[in-house]
2 protein chains.
Amino acid sequence: MFMGTSYNSIDEKNRMIVPAKLRAGLGARCILTKGLDRCLYIYTWEDWDKQMNKIAQLPESDPKVRAFIRHFCANAAECEFDKQGRIIIPQELKAYAGIEKELVTMGAMSKIEVWSREIWDAPDNESKMENEDFAMSLAEYNF
Amino acid sequence: MFMGTSYNSIDEKNRMIVPAKLRAGLGARCILTKGLDRCLYIYTWEDWDKQMNKIAQLPESDPKVRAFIRHFCANAAECEFDKQGRIIIPQELKAYAGIEKELVTMGAMSKIEVWSREIWDAPDNESKMENEDFAMSLAEYNF
DNA sequence: GTTTAAAAGTGGTGTATAGTGGTAATATGA
DNA sequence: TCATATTACCACTATACACCACTTTTAAAC
């Protein structure tokens, strides 16, 4: 179970630190790919496998399903850590997430999300629930 | 069932004591996260786990669910006690609760609430209802 | 009521390691 | 062969963590 938030940066060689606490939950390698919002997902190898199996159940005749598969798989990169615990973010993914320098890494249950700090902190970021929204959602889901 | 109130302080290293009486009800570790008002919640690991399992059932394709997961996980910290029974409060949570030095810790049924003392004692603290007010409100729920 | 002892809470110090930046070596392509 | 890009390696710094010592409070016994 990944959780917690870290603020770090990416260097000119596109290396990013995976915070030690989160790193401990990944093995020797991990999968980096495009997320559903403007962020990147990091999966453990095992969870990635599960996701793939889930997706494999979807009907490929549906164009939306095909687009979904492309979104996930075409950009997936298998990453290994260097001795300092960093992975390299491919250009394509970096661009997709709008990452320039500062980034936010957060645990999100079975995966890790990586955001550009500017995008994450932006006032119009709908993915970031403010407190009242959150309280409302709690009621909605009978929490 | 957590009960009682304690007044303590946080030090420069963001360490706070979990009062011994409350600590006994938590195991070796606990979860610290944002509360609904301007306070923090401490959950037992078991309670947290239950909540997480509930959330894991929700469909991730729903943007609200994703935001929900982010709010829950990103703001949560798994805490372990040091030999003196203290936990470390992450910067983000400290800022959210407006904690500077003095804090109030109170048992609240299945969880523990942590408040900045200044905010808790403030005359405009709506969370601290005086008798007539809350008695009225409870009538609404047939209490 | 006073004394004693144990537990709870506070503060500080040193060490390990996480994170950052840079350099060297290897590979790749022109 | 040379220039560029990529990868692996190394070194430094700041922070976080574990440990220790002390103070204060609470409880208990005389």
# chains A, B, ... in the order shown; residues from 1 in each chain; ligands from 1
$ closest_atom_pairs --of "chain D" --to "chain B" --cutoff "10 Å" --atoms "only C-alpha atoms (C1' of nucleotides)" --output "CSV"
residue,atom,partner,partner_atom,distance
D:DA16,C1',B:Lys13,CA,9.1
D:DC17,C1',B:Asp82,CA,9.3
D:DA18,C1',B:Asp82,CA,8.1
D:DC19,C1',B:Lys83,CA,8.9
$ write_last_selection --atoms "N, CA and C atoms (P, O5', C5', C4', C3', O3' and C1' of nucleotides)" --output "short mmCIF file (atom, residue, chain, number, x, y, z; two decimals), in the first residue's frame"
data_model
loop_
_atom_site.label_atom_id
_atom_site.label_comp_id
_atom_site.auth_asym_id
_atom_site.auth_seq_id
_atom_site.Cartn_x
_atom_site.Cartn_y
_atom_site.Cartn_z
P DA D 16 13.55 15.97 6.87
"O5'" DA D 16 13.45 14.46 7.34
"C5'" DA D 16 13.92 13.45 6.47
"C4'" DA D 16 14.45 12.28 7.26
"C3'" DA D 16 13.61 11.88 8.46
"O3'" DA D 16 13.49 10.48 8.45
"C1'" DA D 16 15.83 12.21 9.16
P DC D 17 12.36 9.74 9.27
"O5'" DC D 17 13.24 8.85 10.26
"C5'" DC D 17 14.26 8.03 9.70
"C4'" DC D 17 15.24 7.65 10.78
"C3'" DC D 17 14.57 7.14 12.06
"O3'" DC D 17 15.02 5.82 12.27
"C1'" DC D 17 16.27 8.73 12.56
P DA D 18 14.30 4.90 13.39
"O5'" DA D 18 15.46 4.70 14.45
"C5'" DA D 18 16.78 4.46 13.97
"C4'" DA D 18 17.76 4.66 15.12
"C3'" DA D 18 17.28 4.09 16.45
"O3'" DA D 18 18.34 3.37 17.06
"C1'" DA D 18 17.82 6.38 16.69
P DC D 19 18.10 2.57 18.40
"O5'" DC D 19 18.89 3.45 19.45
"C5'" DC D 19 20.20 3.94 19.11
"C4'" DC D 19 20.58 5.06 20.05
"C3'" DC D 19 20.31 4.75 21.53
"O3'" DC D 19 21.55 4.73 22.22
"C1'" DC D 19 19.61 6.95 20.94
#
$ closest_atom_pairs --of "chain A" --to "chain B" --cutoff "7 Å" --atoms "only C-alpha atoms" --output "JSON lines"
{"residue": "A:Met3", "atom": "CA", "partner": "B:Cys73", "partner_atom": "CA", "distance": 4.8}
{"residue": "A:Gly4", "atom": "CA", "partner": "B:Ala74", "partner_atom": "CA", "distance": 4.6}
{"residue": "A:Thr5", "atom": "CA", "partner": "B:Ala74", "partner_atom": "CA", "distance": 5.2}
{"residue": "A:Met106", "atom": "CA", "partner": "B:Ala74", "partner_atom": "CA", "distance": 5.5}
{"residue": "A:Gly107", "atom": "CA", "partner": "B:Ala74", "partner_atom": "CA", "distance": 5.9}
{"residue": "A:Ala108", "atom": "CA", "partner": "B:Cys73", "partner_atom": "CA", "distance": 5.4}
{"residue": "A:Met109", "atom": "CA", "partner": "B:Cys73", "partner_atom": "CA", "distance": 6.7}
{"residue": "A:Ser127", "atom": "CA", "partner": "B:Ala67", "partner_atom": "CA", "distance": 4.9}
{"residue": "A:Lys128", "atom": "CA", "partner": "B:Ala67", "partner_atom": "CA", "distance": 6.0}
{"residue": "A:Met129", "atom": "CA", "partner": "B:Ala67", "partner_atom": "CA", "distance": 6.1}
{"residue": "A:Asn131", "atom": "CA", "partner": "B:Leu36", "partner_atom": "CA", "distance": 6.6}
{"residue": "A:Ala135", "atom": "CA", "partner": "B:Leu36", "partner_atom": "CA", "distance": 6.7}
$ write_last_selection --atoms "C-alpha atoms" --output "PDB file, in the first residue's frame"
ATOM      1  CA  MET A   3       0.962   6.432   0.575  1.00  0.00           C
ATOM      2  CA  GLY A   4       2.354   9.812   1.461  1.00  0.00           C
ATOM      3  CA  THR A   5       3.587  12.719  -0.641  1.00  0.00           C
ATOM      4  CA  MET A 106       2.503  10.356  -4.068  1.00  0.00           C
ATOM      5  CA  GLY A 107       1.371   6.938  -3.040  1.00  0.00           C
ATOM      6  CA  ALA A 108      -2.088   6.004  -4.332  1.00  0.00           C
ATOM      7  CA  MET A 109      -2.971   2.547  -3.048  1.00  0.00           C
ATOM      8  CA  SER A 127      -7.842  15.941  -9.169  1.00  0.00           C
ATOM      9  CA  LYS A 128      -6.904  17.542  -5.900  1.00  0.00           C
ATOM     10  CA  MET A 129      -9.871  17.495  -3.587  1.00  0.00           C
ATOM     11  CA  ASN A 131     -11.730  19.639   2.141  1.00  0.00           C
ATOM     12  CA  ALA A 135     -16.467  15.667   3.014  1.00  0.00           C
TER      13      ALA A 135
END
$ select_by_dssp --residues "chain A" --states "strand (DSSP E or B)" --output "NGL selection string"
:A and (2 or 5-10 or 15-17 or 29-34 or 40-44 or 77-80 or 86-88 or 102-109 or 111-116)
$ closest_residue --among "C:DT28, C:DT20, C:DT2, C:DT13" --to "DA3 in chain D" --atoms "only C-alpha atoms (C1' of nucleotides)"
C:DT28
$ calpha_fit_rmsd --fixed "chain B" --moving "chain A"
1.5 Å
$ residues_around --residues "DA29 in chain D" --least-positions-apart "4" --cutoff "12 Å" --atoms "only C-alpha atoms (C1' of nucleotides)" --output "mmCIF file with C-alpha atoms (C1' of nucleotides), in the first residue's frame"
data_model
loop_
_atom_site.group_PDB
_atom_site.id
_atom_site.type_symbol
_atom_site.label_atom_id
_atom_site.label_comp_id
_atom_site.auth_asym_id
_atom_site.auth_seq_id
_atom_site.Cartn_x
_atom_site.Cartn_y
_atom_site.Cartn_z
ATOM 1 C "C1'" DT C 2 5.192 13.730 53.124
ATOM 2 C "C1'" DT C 3 8.374 10.893 50.817
ATOM 3 C "C1'" DT C 4 9.635 7.702 47.317
ATOM 4 C "C1'" DA C 5 9.385 5.506 43.102
#
$ select_by_dssp --residues "range 1-142 of chain B" --states "helix (DSSP H, G or I)" --output "ChimeraX atom specification"
/B:20-23,45-56,63-74,91-96,117-121,131-140
$ closest_atom_pairs --of "chain C" --to "chain A" --cutoff "9 Å" --atoms "only C-alpha atoms (C1' of nucleotides)" --output "CSV"
residue,atom,partner,partner_atom,distance
C:DA18,C1',A:Ala20,CA,7.0
C:DG19,C1',A:Ile17,CA,7.4
C:DT20,C1',A:Asp11,CA,8.8
C:DG21,C1',A:Asp11,CA,8.8
$ atom_distance --atom1 "CA of Gly27 in chain B" --atom2 "CA of Arg23 in chain A"
24.5 Å
$ atom_distance --atom1 "CA of Lys111 in chain B" --atom2 "CA of Met136 in chain A"
19.9 Å
$ decode --residues "range 9-22 of chain C" --atoms "N, CA and C atoms (P, O5', C5', C4', C3', O3' and C1' of nucleotides)" --output "tab-separated table (two decimals), in the first residue's frame"
chain	number	residue	atom	x	y	z
C	9	DG	P	2.36	11.15	28.34
C	9	DG	O5'	3.48	12.27	28.22
C	9	DG	C5'	3.48	13.36	29.15
C	9	DG	C4'	4.73	14.19	28.97
C	9	DG	C3'	5.01	14.71	27.56
C	9	DG	O3'	5.12	16.12	27.66
C	9	DG	C1'	6.97	13.79	28.49
C	10	DT	P	5.34	17.05	26.36
C	10	DT	O5'	6.89	17.37	26.42
C	10	DT	C5'	7.43	18.05	27.55
C	10	DT	C4'	8.93	18.27	27.36
C	10	DT	C3'	9.35	18.83	25.99
C	10	DT	O3'	10.01	20.05	26.21
C	10	DT	C1'	10.73	17.01	26.63
C	11	DG	P	10.43	20.98	24.99
C	11	DG	O5'	11.98	20.64	24.86
C	11	DG	C5'	12.81	20.69	26.02
C	11	DG	C4'	14.19	20.16	25.68
C	11	DG	C3'	14.74	20.61	24.33
C	11	DG	O3'	15.97	21.29	24.55
C	11	DG	C1'	15.01	18.26	24.62
C	12	DG	P	16.78	21.92	23.33
C	12	DG	O5'	17.98	20.89	23.14
C	12	DG	C5'	18.72	20.47	24.28
C	12	DG	C4'	19.67	19.35	23.91
C	12	DG	C3'	20.49	19.60	22.63
C	12	DG	O3'	21.85	19.29	22.90
C	12	DG	C1'	19.41	17.50	22.50
C	13	DT	P	22.99	19.78	21.87
C	13	DT	O5'	23.65	18.39	21.47
C	13	DT	C5'	23.80	17.38	22.48
C	13	DT	C4'	24.22	16.07	21.82
C	13	DT	C3'	25.11	16.23	20.59
C	13	DT	O3'	26.16	15.27	20.64
C	13	DT	C1'	23.24	14.95	20.04
C	14	DG	P	27.44	15.44	19.71
C	14	DG	O5'	27.42	14.07	18.90
C	14	DG	C5'	27.31	12.84	19.62
C	14	DG	C4'	26.86	11.73	18.67
C	14	DG	C3'	27.73	11.59	17.41
C	14	DG	O3'	27.93	10.20	17.18
C	14	DG	C1'	25.45	11.92	16.81
C	15	DT	P	29.06	9.73	16.16
C	15	DT	O5'	28.23	8.78	15.18
C	15	DT	C5'	27.20	7.94	15.74
C	15	DT	C4'	26.23	7.54	14.64
C	15	DT	C3'	26.90	7.20	13.30
C	15	DT	O3'	26.31	6.02	12.80
C	15	DT	C1'	25.19	8.78	12.97
C	16	DA	P	27.02	5.14	11.68
C	16	DA	O5'	25.80	4.91	10.68
C	16	DA	C5'	24.55	4.44	11.20
C	16	DA	C4'	23.44	4.82	10.25
C	16	DA	C3'	23.67	4.37	8.82
C	16	DA	O3'	22.46	3.83	8.30
C	16	DA	C1'	23.35	6.73	8.88
C	17	DT	P	22.44	2.98	6.97
C	17	DT	O5'	21.53	3.86	6.02
C	17	DT	C5'	20.42	4.58	6.57
C	17	DT	C4'	20.00	5.67	5.61
C	17	DT	C3'	20.30	5.36	4.14
C	17	DT	O3'	19.29	5.95	3.35
C	17	DT	C1'	21.21	7.39	4.66
C	18	DA	P	18.23	5.08	2.51
C	18	DA	O5'	17.18	6.20	2.07
C	18	DA	C5'	16.72	7.11	3.04
C	18	DA	C4'	16.66	8.51	2.47
C	18	DA	C3'	16.29	8.61	0.99
C	18	DA	O3'	15.38	9.68	0.83
C	18	DA	C1'	18.35	9.68	1.32
C	19	DG	P	14.64	9.95	-0.57
C	19	DG	O5'	15.53	11.07	-1.23
C	19	DG	C5'	15.56	12.36	-0.62
C	19	DG	C4'	16.64	13.20	-1.27
C	19	DG	C3'	16.52	13.39	-2.78
C	19	DG	O3'	16.47	14.78	-3.02
C	19	DG	C1'	18.74	12.87	-2.17
C	20	DT	P	16.11	15.41	-4.46
C	20	DT	O5'	17.50	16.01	-4.94
C	20	DT	C5'	18.23	16.89	-4.09
C	20	DT	C4'	19.61	17.15	-4.65
C	20	DT	C3'	19.67	17.36	-6.16
C	20	DT	O3'	20.16	18.66	-6.42
C	20	DT	C1'	21.40	15.89	-5.40
C	21	DG	P	20.20	19.25	-7.91
C	21	DG	O5'	21.75	19.12	-8.25
C	21	DG	C5'	22.71	19.53	-7.27
C	21	DG	C4'	24.08	19.07	-7.71
C	21	DG	C3'	24.37	19.27	-9.20
C	21	DG	O3'	25.54	20.07	-9.35
C	21	DG	C1'	24.93	17.06	-8.52
C	22	DG	P	26.03	20.53	-10.79
C	22	DG	O5'	27.27	19.57	-11.07
C	22	DG	C5'	28.24	19.38	-10.05
C	22	DG	C4'	29.07	18.15	-10.33
C	22	DG	C3'	29.67	18.09	-11.74
C	22	DG	O3'	31.08	17.99	-11.65
C	22	DG	C1'	28.70	16.02	-11.16
